[in-house]
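A.B. asks: My questions will all concern the structure given below.
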Amino acid sequence: MEHFWEINKLSVSYKTMDGMTKAVDQVSLYVDRGETIGIVGESGSGKSQTQLAALQLIPVPPGRIDEGEVLLSGRNLLSFSRKSREMREVRGGQIGMIFQEPMTSLNPVKTIGAQIMESITLHRGLAKEQARKEAVALLEKVGILDAESRLSDYPHQFSGGMRQRIMIAIALAGDPEMIIADEPTTALDVTTQAQILELLHQLSVEKHIALVLITHNLGIVARYASRIYVMYAGNVVETGTAEEIFHQPVHPYTKGLLKAVPRLDSEDERLTPIDGVPPSPANRQKGCQFAPRCRYATEACLDGGIPPMQEIAPGHFAACHLSSVRQTAATAEQEKQENKKPKPAPGEEAVLRAEDLCVSFAVRKGLLMRESGRLEVLRNVNFTLHKGETLGLVGESGCGKTTTAKAVLKLLNEATGKVWLGDQDLLAMPERTFKKQRRRIQMIFQDPYSSLDPRMTAGGIVGEPLFPYGLVKTRQEYDKRVDELFRLVGLEPSMRDRVAHEFSGGQRQRIGIARALATNPDILICDEPISALDVSIQAQIINLLEDLQEELGLSYLFVAHDLSVVKHISHRVAVMYLGTIVEITSSRDLYLDPLHPYTRALMQAVPIPDPSAEKQREQVILGGEVPSILRRPEGCPFSNRCSHATDLCRKEQPQPKEVKEKHFVACHLY
Amino acid sequence: MKQRSRFSYTMKALFSRPLVVAAAIIVLLFLLAAIFAPFLSPYDPYETDITGALKGPTAAHILGTDKLGRDIATRLMYGARTSLLIGFASVMISALIGVLIGLVCGFYGGIVNEILSRVVDALMSIPNIMLAMALSMMFSSGTIVGLMIVLGLATVPTYARIMAAEVMRIRDSDFMVAEKVLGMSSARKIFSHLLPNCISPILVVLTANIGTTILCESSLNFLGLGVAAPTASWGGMVNEAYMMMMLTPAYALAPGLCIMLLVLGFNILGDGLRDAIDPRLRGTL
Amino acid sequence: MGRYICKRLLQAILVIFLISVFSYFLMYLVPGDPVYAVLGSDITREQYMEQFYLMELDKPIIIRYVHWLTRFLTGDFGTSYRYSVPVSELLAQRLPITMYLGIISLVISVILGVLCGTICGTNRGKAADNILTVLANLGSVVPGFWLAVVGMYIFSMNLGWLPSYGFAFPWEGAGVAASLKQTIMPVVCLSVGSIAGLTRQMRSGMLEVIRQDYIRTARSKGLKESTVVVHHAMKNAIIPVVTIIGLSLRNIVSGAVTIETVFSITGMGSLLVNSILARDLPVIQACILIIAGMVAISNLVVDICYGYLDPRIRIQ
């Protein structure tokens with residue numbers, strides 16, 4: 001059967017300082033008309049490169065297409081040159097593209113109208129006036145209000161979600177038969193993500209457009225894709241229908257990936273991470289690329305060449321040297337060893353307490369920079385963190401969760417209210433006094449790259465506070481303690497003398513954790529500690545944090561945007577919206593019985609990596625955009641997006657109430 | 001120990017490009033010529049011989065003699081001394097002062113930085129050479145040391161500005177926040193973290209600026225506002241020679257070529273260093 | 001945008017004020033007695049005291065500065081020690097010549113620089129890029145005065161095509177053709193450095209822009225490569241180039257100092273050189289203040305253009 005879009009044995013390599021490296025290696029895939037497929041993989045797996053190379057959009061040089069063919073309705077696109085008319089007609093005309101970063105993917109100096117109309121006139125040959133009308137229609141279709149007048153606006157005047165809608169309008173402008181969406185929602189908030197995916201889905205159904213969803217997020221493809229390709233280190237390792245991939249995965253990598261991601265709907269059992277680090281294209285294996293990280297790997301896997309695709313079931317292929325029987329036996333063995341002990345219960349003693357914590361910045365206007373108003377980032381935030389407890393702080397961008405983290409660390413001069421560290425209010429203390437106590441409350445950063453001094457050795461970074469705090473007296477003690485800290489976070493002490501750039505992202509994060517632990521703190525503030533890491537590495541860090549908590553009795557304030565992760569790691573969860581905590585309760589309770597309308601919407605927007613579970617869920621997409629604090633509505637901050645909102649909600653801000661035992665909600669409905 | 005490996009990696013990236021190697025060789029050759037001038041040439045650069053003046057190239061004088069009968073090739077080597085000495089020293093002076101000012105402004109930011117920025121704007125509105133000319137009236141010029149100070153002071157604003165920007169970028173980075181969270185002292189923040197991280201970009205500017213400074217130095221010497229008469233300088237030689245070009249073209253051409261080559265050498269080294277240090281560009285050139 | 005312009009305007013005023021402070025105080029740090037500088041050392045005590053009071057040397061330097069600035073603002077720039085004529089008269093003769101040559105050079109530099117830089121940036125690693133990059137590298141290191149000397153040797157002394165000295169405006173006696181001939185060499189020598197600098201800036205700007213996501217978007221729309229370059233890449237790459245036009249003007253004026261000397265052109269540059277050699281303080285002060293003020297104003301204009309070109313600043 002002829003497929004609409006078919007890639008056969010495509011290989012792409014890049015020239016780097018270390019010679020030629022293979023980014024894509026013999027990848028084959030196909031898409032039929034009107035079908036939605038998912039391509040899943042971590043960074044560096046070649047998932048985007050395959051599609052970009054197929055459209056000859058990779059930079060040449062340093063890139064190079066080594067071999068393979070790309071068939072569009074039977075025509076081999078690689079027989080046309082990169083800049084040929086045929087290629088240009090395909091790009092934008094038959095195939096539209098949407099990219100990951102809506103902030104940088106639109107030309108900042110051209111109006112969005114011009115950017116959309118450009119495609120329309122090019123591919124449909126319409127005159128300017130008609131193109132303009134068409135552009136307005138497209139913008140309305142993708143959900144931009146007031147489309148007519150916004151045509152002459154520039155990209156920076158739109159929010160991230162809106163820009164992604166504009167990208168979709170551009171992709172649709174040439175009336176394509178297929179859309180390739182490269183991580184279309186990775187940079188967006190979860191409620192916006194749900195809106196964008198739903199929009200793409202509806203368009204593909206309505207216009208019978210084939211959709212290729214490239215993502216690292218298994219949940220997204222579970223909800224929308226009918227078939228899935230799993231890619232690893234430049235190879236497709238498994239492919240099949242969504243049900244097969246999620247319910248009967250064969251390849252150890254696919255299995256690992258599924259177990260490494262916390263699910264919103266599962267009880268909190270310990271995650272099973274994939275060991276090791278994702279391979280870099282510069283350093284490919286001789287045999288199966290996954291072998292070094294695979295728990296079942298044998299000699300044959302390591303040097304037996306890249307395993308060929310084998311048909312497991314009709315339409316379900318996997319590239320693995322091992323029979324599934326042997327794997328299953330090994331799995332059972334493995335799972336027996338991993339005891340599923342429950343999280344230890346936290347103590348009763350409060351170690352950190354925020355009381356009416358507010359942060360507001362002055363808004364200055366005019367030439368004299370007179371203060372004209374205050375921008376409230378945090379509004380009366382209250383919470384208590386107990387000994388040995390993990391309190392999750394979850395919310396979308398701009399909700400103030402990172403500001404809260406910084407405020408309790410006394411990093412913001414604008415913070416008011418009280419932050420009790422034991423029995424001392426640290427906001428009232430002068431910095432000079434507090435400095436001596438800083439060791440008690442430490443922080444783990446989001447970006448493992450910028451949070452380590454690039455010019456220091458790992459040992460130097462970890463050991464830096466030891467002497468100033470008098471935690472060690474001699475050089476021997478110092479060395480001993482640094483080695484101990486390295487082992488504690490699962491790093492080889494022999495790596496002490498390396499500088500930060502010689503470590504992978506996950507290892508860097510471990511160094512960051514070791515640094516935070518060096519001063520024997522009671523509390524760790526974790527600011528999005530895993531969001532910059534690859535999926536397979538996230539589980540390693542989550543498990544490490546759980547182990548450390550048990551071992552050292554630490555308390556965590558865990559700030560993240562990913563509700564599944566927060567729910568998994570936390571004892572209690574606080575949901576934030578526009579600078580206030582709207583709901584706070586135990587993580588189990590939050591999933592089973594969310595009370596605040598925003599919490600419910602958030603829950604529904606989080607995709608679950610299970611196609612059958614997804615089919616049973618009710619699909620209510622929360623409308624509207626994540627508002628900025630610049631335009632906070634009167635009364636309840638959520639009132640303008642809430643379907644239950646009454647006049648009272650629009651007038652008066654609700655105060656937190658204990659609706660059930662230890663379950664607080666700030667909502668007029670209760 | 002690993003600090004060295006990072007250094008050697010940068011060096012490897014730097015010298016993997018033939019152009020950079022060529023530039024390094026040029027600079028090295030000039031450096032050797034300047035240092036070993038007395039051994040390389042049998043002539044005295046100051047001894048005049050009016051009878052043998054303005055002779056074209058001969059076997060004895062490969063570039064001929066100047067208007068006072070001195071060997072041009074020898075004068076060129078001593079001219080390299082002047083240029084390199086002034087180039088290096090004035091860049092050191094300006095970098096030292098500029099880095100300090102930039103560090104203070106960048107670290108404290110706010111109003112201090114605002115005022116400094118305007119002062120720098122004002123100084124940078126005055127063309128470099130004019131600032132140097134004006135300064136040369138103050139620091140009794142005519143000596144090499146005088147010219148070093150003049151050119152050094154004239155380029156202070158450039159460094160102050162780059163350093164302030166660099167410090168502000170690093171000051172706000174996560175690892176500096178981590179220092180605050182750890183409760184480390186200001187001295188440790190500045191000297192263990194801030195300064196070492198600012199060195200690379202300053203080093204890049206420094207290398208390229210040696211070239212620019214030599215260019216400025218030669219202009220001043222050409223105008224007669226640089227080192228005083230008997231001292232050899234390339235700019236001064238062009239000035240002596242250009243009215244007599246019909247007689248001995250090499251007299252005026254050779255020093256100009258020397259200036260170009262040496263400045264080009266430093267510029268390429270600077271560019272190469274930037275590319276080697278900037279990881280975004282690494283491997284793409 | 002209005003606020004942006006206001007802010008820049010205030011900054012520019014502050015900068016010009018600071019320049020005036022520098023140019024005044026710098027000159028008073030010059031060693032030597034200013035009275036002797038005006039009258040020479042062969043004077044009587046009465047003559048000395050008369051001049052001493054005339055120059056208000058008995059008053060604090062701040063007062064003298066304020067008086068100097070007030071006079072300056074009313075167009076009284078003092079009297080040249082050397083020529084004994086009002087500085088304003090000298091400047092009225094000299095300034096237009098330097099401005100004329102400088103502006104022509106600036107326009108040529110911007111046009112050629114942007115053009116060459118775009119060619120380089122879009123043909124990275126190809127012959128055109130390599131040749132232009134080598135030329136740009138040479139152009140930015142060649143000393144202007146030496147280029148002038150070599151040009152004079154070739155085109156005036158050997159070929160006899162162009163005059164080796166002097167300058168007159170096209171509307172003056174000698175006529176357009178003669179003026180043009182006199183203009184060619186100085187303008188070329190003045191522009192070479194700026195063309196090279198702008199080419200390098202435009203090239204790296206283009207290389208930076210060409211790897212941006214929105215260029216990938218433009219290509220994914222199926223636009224022609226020429227459309228991508230002209231309509232999408234250049235519009236972005238030119239923005240940072242605009243900011244260094246002020247710097248180019250500064251470099252061109254720098255070059256004027258030596259090049260006017262070589263070609264015996266009686267402009268500001270040669271005036272400044274002669275005044276420094278003669279320690280003619282009022283002229284030096286006026287020259288520096290006016291040139292730096294012009295550079296500051298051109299920076300202001302450039303900043304406003306920048307704001308206009310970049311919608312992210314124009315519309316907040």
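If you're wondering about the labels, chains in the structure tokens are A, B, ... by order shown, residues count from 1 in each chain, ligands from 1 in order shown.
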Can you list every residue of chain C that has an atom at most 9 Å from chain A, with its nearest atom pair and the distance in Å to one decimal, using only C-alpha atoms, ordered by chain then number, as JSON lines?

C.D. replies:
```
{"residue": "C:Arg3", "atom": "CA", "partner": "A:Gly366", "partner_atom": "CA", "distance": 7.6}
{"residue": "C:Cys6", "atom": "CA", "partner": "A:Leu367", "partner_atom": "CA", "distance": 7.9}
{"residue": "C:Lys7", "atom": "CA", "partner": "A:Leu367", "partner_atom": "CA", "distance": 7.4}
{"residue": "C:Arg211", "atom": "CA", "partner": "A:Pro59", "partner_atom": "CA", "distance": 8.6}
{"residue": "C:Gln212", "atom": "CA", "partner": "A:Thr104", "partner_atom": "CA", "distance": 7.4}
{"residue": "C:Asp213", "atom": "CA", "partner": "A:Ser105", "partner_atom": "CA", "distance": 4.7}
{"residue": "C:Tyr214", "atom": "CA", "partner": "A:Ser105", "partner_atom": "CA", "distance": 4.1}
{"residue": "C:Ile215", "atom": "CA", "partner": "A:Asn107", "partner_atom": "CA", "distance": 7.6}
{"residue": "C:Arg216", "atom": "CA", "partner": "A:Leu57", "partner_atom": "CA", "distance": 7.3}
{"residue": "C:Thr217", "atom": "CA", "partner": "A:Ser105", "partner_atom": "CA", "distance": 6.2}
{"residue": "C:Ala218", "atom": "CA", "partner": "A:Asn107", "partner_atom": "CA", "distance": 8.4}
{"residue": "C:Arg219", "atom": "CA", "partner": "A:Leu57", "partner_atom": "CA", "distance": 7.3}
{"residue": "C:Ser220", "atom": "CA", "partner": "A:Arg91", "partner_atom": "CA", "distance": 5.4}
{"residue": "C:Lys221", "atom": "CA", "partner": "A:Gly92", "partner_atom": "CA", "distance": 4.0}
{"residue": "C:Gly222", "atom": "CA", "partner": "A:Arg88", "partner_atom": "CA", "distance": 4.1}
{"residue": "C:Leu223", "atom": "CA", "partner": "A:Arg88", "partner_atom": "CA", "distance": 6.5}
{"residue": "C:Lys224", "atom": "CA", "partner": "A:Arg88", "partner_atom": "CA", "distance": 7.2}
{"residue": "C:Glu225", "atom": "CA", "partner": "A:Lys83", "partner_atom": "CA", "distance": 7.1}
{"residue": "C:His231", "atom": "CA", "partner": "A:Lys110", "partner_atom": "CA", "distance": 8.9}
{"residue": "C:His232", "atom": "CA", "partner": "A:Asn107", "partner_atom": "CA", "distance": 7.0}
{"residue": "C:Ala233", "atom": "CA", "partner": "A:Asn107", "partner_atom": "CA", "distance": 8.9}
{"residue": "C:Lys235", "atom": "CA", "partner": "A:Val109", "partner_atom": "CA", "distance": 7.1}
{"residue": "C:Asn236", "atom": "CA", "partner": "A:Val109", "partner_atom": "CA", "distance": 6.7}
{"residue": "C:Leu309", "atom": "CA", "partner": "A:Val109", "partner_atom": "CA", "distance": 7.9}
{"residue": "C:Asp310", "atom": "CA", "partner": "A:Val109", "partner_atom": "CA", "distance": 6.2}
{"residue": "C:Pro311", "atom": "CA", "partner": "A:Val109", "partner_atom": "CA", "distance": 6.0}
{"residue": "C:Arg312", "atom": "CA", "partner": "A:His156", "partner_atom": "CA", "distance": 6.5}
{"residue": "C:Ile315", "atom": "CA", "partner": "A:Gln157", "partner_atom": "CA", "distance": 8.3}
{"residue": "C:Gln316", "atom": "CA", "partner": "A:Gln157", "partner_atom": "CA", "distance": 7.8}
```

A.B. asks: Take the residues that were just selected and, keeping N, CA and C atoms, output them as an mmCIF file, in the first residue's frame.

C.D. replies:
```cif
data_model
loop_
_atom_site.group_PDB
_atom_site.id
_atom_site.type_symbol
_atom_site.label_atom_id
_atom_site.label_comp_id
_atom_site.auth_asym_id
_atom_site.auth_seq_id
_atom_site.Cartn_x
_atom_site.Cartn_y
_atom_site.Cartn_z
ATOM 1 N N ARG C 3 8.414 57.606 25.818
ATOM 2 C CA ARG C 3 9.179 57.513 27.040
ATOM 3 C C ARG C 3 10.632 57.129 26.737
ATOM 4 N N CYS C 6 12.391 60.137 25.369
ATOM 5 C CA CYS C 6 12.672 61.073 26.452
ATOM 6 C C CYS C 6 13.881 60.619 27.266
ATOM 7 N N LYS C 7 13.890 59.337 27.573
ATOM 8 C CA LYS C 7 14.970 58.804 28.388
ATOM 9 C C LYS C 7 16.311 58.975 27.667
ATOM 10 N N ARG C 211 20.620 31.398 12.110
ATOM 11 C CA ARG C 211 20.369 30.151 12.815
ATOM 12 C C ARG C 211 19.235 30.288 13.842
ATOM 13 N N GLN C 212 18.534 31.398 13.793
ATOM 14 C CA GLN C 212 17.402 31.570 14.699
ATOM 15 C C GLN C 212 16.220 30.708 14.268
ATOM 16 N N ASP C 213 15.365 30.437 15.246
ATOM 17 C CA ASP C 213 14.196 29.609 14.970
ATOM 18 C C ASP C 213 13.283 30.211 13.909
ATOM 19 N N TYR C 214 13.142 31.544 13.916
ATOM 20 C CA TYR C 214 12.175 32.115 12.980
ATOM 21 C C TYR C 214 12.648 32.034 11.536
ATOM 22 N N ILE C 215 13.942 31.866 11.341
ATOM 23 C CA ILE C 215 14.430 31.653 9.978
ATOM 24 C C ILE C 215 14.054 30.238 9.538
ATOM 25 N N ARG C 216 14.145 29.307 10.475
ATOM 26 C CA ARG C 216 13.704 27.946 10.177
ATOM 27 C C ARG C 216 12.210 27.954 9.839
ATOM 28 N N THR C 217 11.448 28.732 10.617
ATOM 29 C CA THR C 217 10.018 28.852 10.326
ATOM 30 C C THR C 217 9.806 29.376 8.910
ATOM 31 N N ALA C 218 10.546 30.441 8.568
ATOM 32 C CA ALA C 218 10.388 31.035 7.243
ATOM 33 C C ALA C 218 10.709 30.011 6.158
ATOM 34 N N ARG C 219 11.756 29.221 6.382
ATOM 35 C CA ARG C 219 12.110 28.209 5.374
ATOM 36 C C ARG C 219 11.052 27.132 5.322
ATOM 37 N N SER C 220 10.488 26.808 6.488
ATOM 38 C CA SER C 220 9.494 25.735 6.508
ATOM 39 C C SER C 220 8.207 26.152 5.819
ATOM 40 N N LYS C 221 8.066 27.464 5.582
ATOM 41 C CA LYS C 221 6.896 27.925 4.831
ATOM 42 C C LYS C 221 7.088 27.704 3.344
ATOM 43 N N GLY C 222 8.310 27.399 2.934
ATOM 44 C CA GLY C 222 8.582 27.202 1.520
ATOM 45 C C GLY C 222 8.960 28.480 0.808
ATOM 46 N N LEU C 223 9.414 29.490 1.563
ATOM 47 C CA LEU C 223 9.816 30.730 0.913
ATOM 48 C C LEU C 223 11.125 30.525 0.161
ATOM 49 N N LYS C 224 11.317 31.343 -0.863
ATOM 50 C CA LYS C 224 12.573 31.309 -1.594
ATOM 51 C C LYS C 224 13.692 31.780 -0.695
ATOM 52 N N GLU C 225 14.904 31.245 -0.888
ATOM 53 C CA GLU C 225 16.022 31.623 -0.038
ATOM 54 C C GLU C 225 16.255 33.139 -0.080
ATOM 55 N N HIS C 231 13.784 39.507 3.388
ATOM 56 C CA HIS C 231 12.626 39.932 4.183
ATOM 57 C C HIS C 231 12.674 39.484 5.636
ATOM 58 N N HIS C 232 13.349 38.379 5.899
ATOM 59 C CA HIS C 232 13.341 37.891 7.278
ATOM 60 C C HIS C 232 14.670 38.106 7.994
ATOM 61 N N ALA C 233 15.773 37.750 7.332
ATOM 62 C CA ALA C 233 17.059 37.799 8.037
ATOM 63 C C ALA C 233 17.613 39.221 8.122
ATOM 64 N N LYS C 235 16.309 42.160 7.919
ATOM 65 C CA LYS C 235 15.561 43.088 8.761
ATOM 66 C C LYS C 235 15.973 42.954 10.226
ATOM 67 N N ASN C 236 16.298 41.746 10.631
ATOM 68 C CA ASN C 236 16.733 41.540 12.010
ATOM 69 C C ASN C 236 18.205 41.841 12.194
ATOM 70 N N LEU C 309 13.155 50.895 14.504
ATOM 71 C CA LEU C 309 13.318 49.672 13.705
ATOM 72 C C LEU C 309 12.846 48.421 14.450
ATOM 73 N N ASP C 310 13.008 48.450 15.776
ATOM 74 C CA ASP C 310 12.688 47.261 16.541
ATOM 75 C C ASP C 310 11.330 47.407 17.216
ATOM 76 N N PRO C 311 10.332 46.685 16.721
ATOM 77 C CA PRO C 311 8.979 46.850 17.284
ATOM 78 C C PRO C 311 8.907 46.489 18.761
ATOM 79 N N ARG C 312 9.872 45.684 19.227
ATOM 80 C CA ARG C 312 9.840 45.321 20.646
ATOM 81 C C ARG C 312 10.096 46.533 21.529
ATOM 82 N N ILE C 315 6.776 49.381 20.398
ATOM 83 C CA ILE C 315 5.470 49.100 21.009
ATOM 84 C C ILE C 315 5.695 48.274 22.263
ATOM 85 N N GLN C 316 5.341 48.847 23.412
ATOM 86 C CA GLN C 316 5.571 48.087 24.640
ATOM 87 C C GLN C 316 4.268 47.522 25.186
#
```

A.B. asks: Counting only C-alpha atoms, which residues of chain A come no farther than 9 Å from chain B, as a ChimeraX atom specification?

C.D. replies: /A:15-18,62,409-411,434-439,441-447,449-457,464-465,468,497-499,515-516,519

A.B. asks: Output C-alpha atoms of each residue in that selection to a file, as an mmCIF file, in the first residue's frame.

C.D. replies:
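This is the output file again21.cif:
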```
data_model
loop_
_atom_site.group_PDB
_atom_site.id
_atom_site.type_symbol
_atom_site.label_atom_id
_atom_site.label_comp_id
_atom_site.auth_asym_id
_atom_site.auth_seq_id
_atom_site.Cartn_x
_atom_site.Cartn_y
_atom_site.Cartn_z
ATOM 1 C CA LYS A 15 30.249 17.290 11.186
ATOM 2 C CA THR A 16 31.634 18.312 14.555
ATOM 3 C CA MET A 17 35.065 18.864 15.999
ATOM 4 C CA ASP A 18 35.241 15.174 16.883
ATOM 5 C CA PRO A 62 27.545 20.820 9.014
ATOM 6 C CA LEU A 409 15.131 31.890 51.421
ATOM 7 C CA LYS A 410 15.245 35.623 52.108
ATOM 8 C CA LEU A 411 16.460 36.330 48.598
ATOM 9 C CA PHE A 434 20.699 35.440 59.191
ATOM 10 C CA LYS A 435 23.836 34.700 57.178
ATOM 11 C CA LYS A 436 25.111 32.470 59.987
ATOM 12 C CA GLN A 437 21.893 30.460 59.845
ATOM 13 C CA ARG A 438 21.667 30.176 56.105
ATOM 14 C CA ARG A 439 23.183 26.732 56.278
ATOM 15 C CA ILE A 441 17.852 26.103 54.701
ATOM 16 C CA GLN A 442 19.330 25.283 51.320
ATOM 17 C CA MET A 443 18.204 25.274 47.717
ATOM 18 C CA ILE A 444 18.298 23.059 44.630
ATOM 19 C CA PHE A 445 18.072 24.927 41.365
ATOM 20 C CA GLN A 446 16.172 24.264 38.175
ATOM 21 C CA ASP A 447 18.948 24.688 35.671
ATOM 22 C CA TYR A 449 23.939 24.229 33.858
ATOM 23 C CA SER A 450 23.825 27.771 35.187
ATOM 24 C CA SER A 451 23.710 26.831 38.853
ATOM 25 C CA LEU A 452 27.261 25.482 39.006
ATOM 26 C CA ASP A 453 30.250 27.765 38.658
ATOM 27 C CA PRO A 454 31.791 26.661 35.342
ATOM 28 C CA ARG A 455 35.295 27.394 36.508
ATOM 29 C CA MET A 456 35.274 25.341 39.708
ATOM 30 C CA THR A 457 35.833 21.652 40.215
ATOM 31 C CA GLU A 464 32.950 25.288 49.512
ATOM 32 C CA PRO A 465 30.866 25.946 52.655
ATOM 33 C CA PRO A 468 33.637 28.867 56.388
ATOM 34 C CA ASP A 497 38.440 17.080 40.218
ATOM 35 C CA ARG A 498 36.294 17.420 37.136
ATOM 36 C CA VAL A 499 34.738 20.754 36.237
ATOM 37 C CA ARG A 515 26.316 21.212 47.620
ATOM 38 C CA ALA A 516 22.988 21.854 49.303
ATOM 39 C CA THR A 519 25.947 22.318 55.369
#
```

A.B. asks: Please report as CSV every residue of chain C lying within 7 Å of chain B, along with the nearest atom pair and their distance in Å (one decimal), using only C-alpha atoms.

C.D. replies:
```
residue,atom,partner,partner_atom,distance
C:Val15,CA,B:Ala122,CA,5.0
C:Ile16,CA,B:Ala122,CA,6.7
C:Leu18,CA,B:Ala122,CA,6.1
C:Ile19,CA,B:Ala122,CA,5.3
C:Leu29,CA,B:Met138,CA,6.5
C:Val30,CA,B:Met138,CA,4.7
C:Pro31,CA,B:Met138,CA,6.2
C:Val141,CA,B:Met260,CA,5.5
C:Val142,CA,B:Met260,CA,5.3
C:Pro143,CA,B:Leu215,CA,6.4
C:Trp146,CA,B:Gly256,CA,5.9
C:Val149,CA,B:Tyr242,CA,6.2
C:Tyr153,CA,B:Met245,CA,6.7
C:Arg250,CA,B:Pro127,CA,5.4
C:Asn251,CA,B:Pro127,CA,6.6
C:Ser254,CA,B:Pro127,CA,5.5
C:Thr258,CA,B:Leu223,CA,6.8
C:Ile288,CA,B:Ile126,CA,6.8
C:Ala292,CA,B:Ile126,CA,4.6
C:Val295,CA,B:Ser125,CA,5.5
C:Ala296,CA,B:Ser125,CA,5.7
```

A.B. asks: Those residues you just picked out, can you put them in a file as a compact mmCIF listing (two decimals), in the first residue's frame with N, CA and C atoms?

C.D. replies:
```txt
# COMPACT_ATOMS: atom_id res chain seq x y z
N VAL C 15 25.25 63.33 28.88
CA VAL C 15 26.53 62.96 28.28
C VAL C 15 27.24 64.19 27.72
N ILE C 16 26.48 65.04 27.02
CA ILE C 16 27.11 66.23 26.44
C ILE C 16 27.62 67.15 27.54
N LEU C 18 28.69 66.16 30.44
CA LEU C 18 29.92 65.55 30.95
C LEU C 18 31.09 65.79 30.00
N ILE C 19 30.81 65.75 28.69
CA ILE C 19 31.88 66.00 27.71
C ILE C 19 32.42 67.42 27.93
N LEU C 29 44.40 70.78 33.27
CA LEU C 29 45.39 69.92 33.90
C LEU C 29 46.71 69.96 33.13
N VAL C 30 46.65 70.59 31.95
CA VAL C 30 47.87 70.67 31.15
C VAL C 30 48.90 71.51 31.88
N PRO C 31 50.10 70.96 32.03
CA PRO C 31 51.11 71.72 32.76
C PRO C 31 51.50 72.99 31.99
N VAL C 141 42.65 46.71 9.76
CA VAL C 141 43.97 46.86 10.39
C VAL C 141 44.88 47.84 9.65
N VAL C 142 44.46 48.27 8.46
CA VAL C 142 45.38 49.15 7.73
C VAL C 142 45.31 50.56 8.34
N PRO C 143 46.46 51.13 8.67
CA PRO C 143 46.42 52.49 9.22
C PRO C 143 45.99 53.47 8.13
N TRP C 146 48.62 55.57 6.42
CA TRP C 146 49.50 54.84 5.51
C TRP C 146 48.80 54.57 4.18
N VAL C 149 49.05 57.61 2.28
CA VAL C 149 50.40 57.78 1.74
C VAL C 149 50.59 56.90 0.50
N TYR C 153 51.11 57.99 -3.39
CA TYR C 153 52.27 57.52 -4.15
C TYR C 153 51.82 56.97 -5.49
N ARG C 250 32.51 58.04 14.80
CA ARG C 250 33.62 58.37 15.69
C ARG C 250 34.94 57.93 15.04
N ASN C 251 34.94 56.74 14.45
CA ASN C 251 36.17 56.27 13.83
C ASN C 251 36.54 57.08 12.60
N SER C 254 38.09 60.17 13.75
CA SER C 254 39.46 59.82 14.17
C SER C 254 40.39 59.81 12.99
N THR C 258 44.50 62.21 10.88
CA THR C 258 45.73 61.92 10.14
C THR C 258 45.57 62.17 8.65
N ILE C 288 37.19 69.46 20.64
CA ILE C 288 36.81 68.22 21.31
C ILE C 288 35.33 68.25 21.69
N ALA C 292 32.90 65.58 19.94
CA ALA C 292 32.29 64.60 20.83
C ALA C 292 30.79 64.84 20.93
N VAL C 295 29.20 63.35 17.96
CA VAL C 295 29.14 61.90 18.09
C VAL C 295 28.00 61.51 19.04
N ALA C 296 27.89 62.25 20.16
CA ALA C 296 26.84 61.94 21.12
C ALA C 296 25.46 62.13 20.50
```

A.B. asks: Among the residues of region 50-284 of chain B, find those DSSP assigns to helix (DSSP H, G or I) from the backbone and print them as number ranges by chain.

C.D. replies: B: 50-52, 72-108, 110-125, 128-138, 144-154, 156-171, 174-182, 186-222, 234-244, 249-277

A.B. asks: Separation of CA of Gln285 (chain C) and CA of Glu46 (chain C), in Å?

C.D. replies: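 Straight-line distance from CA of Gln285 (chain C) to CA of Glu46 (chain C) works out to 27.5 Å.
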
A.B. asks: Calculate how many Å separate CA of Gly305 (chain A) from CA of His251 (chain A), rounding to one decimal.

C.D. replies: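 Rounded to one decimal, the two atoms are 16.2 Å apart.
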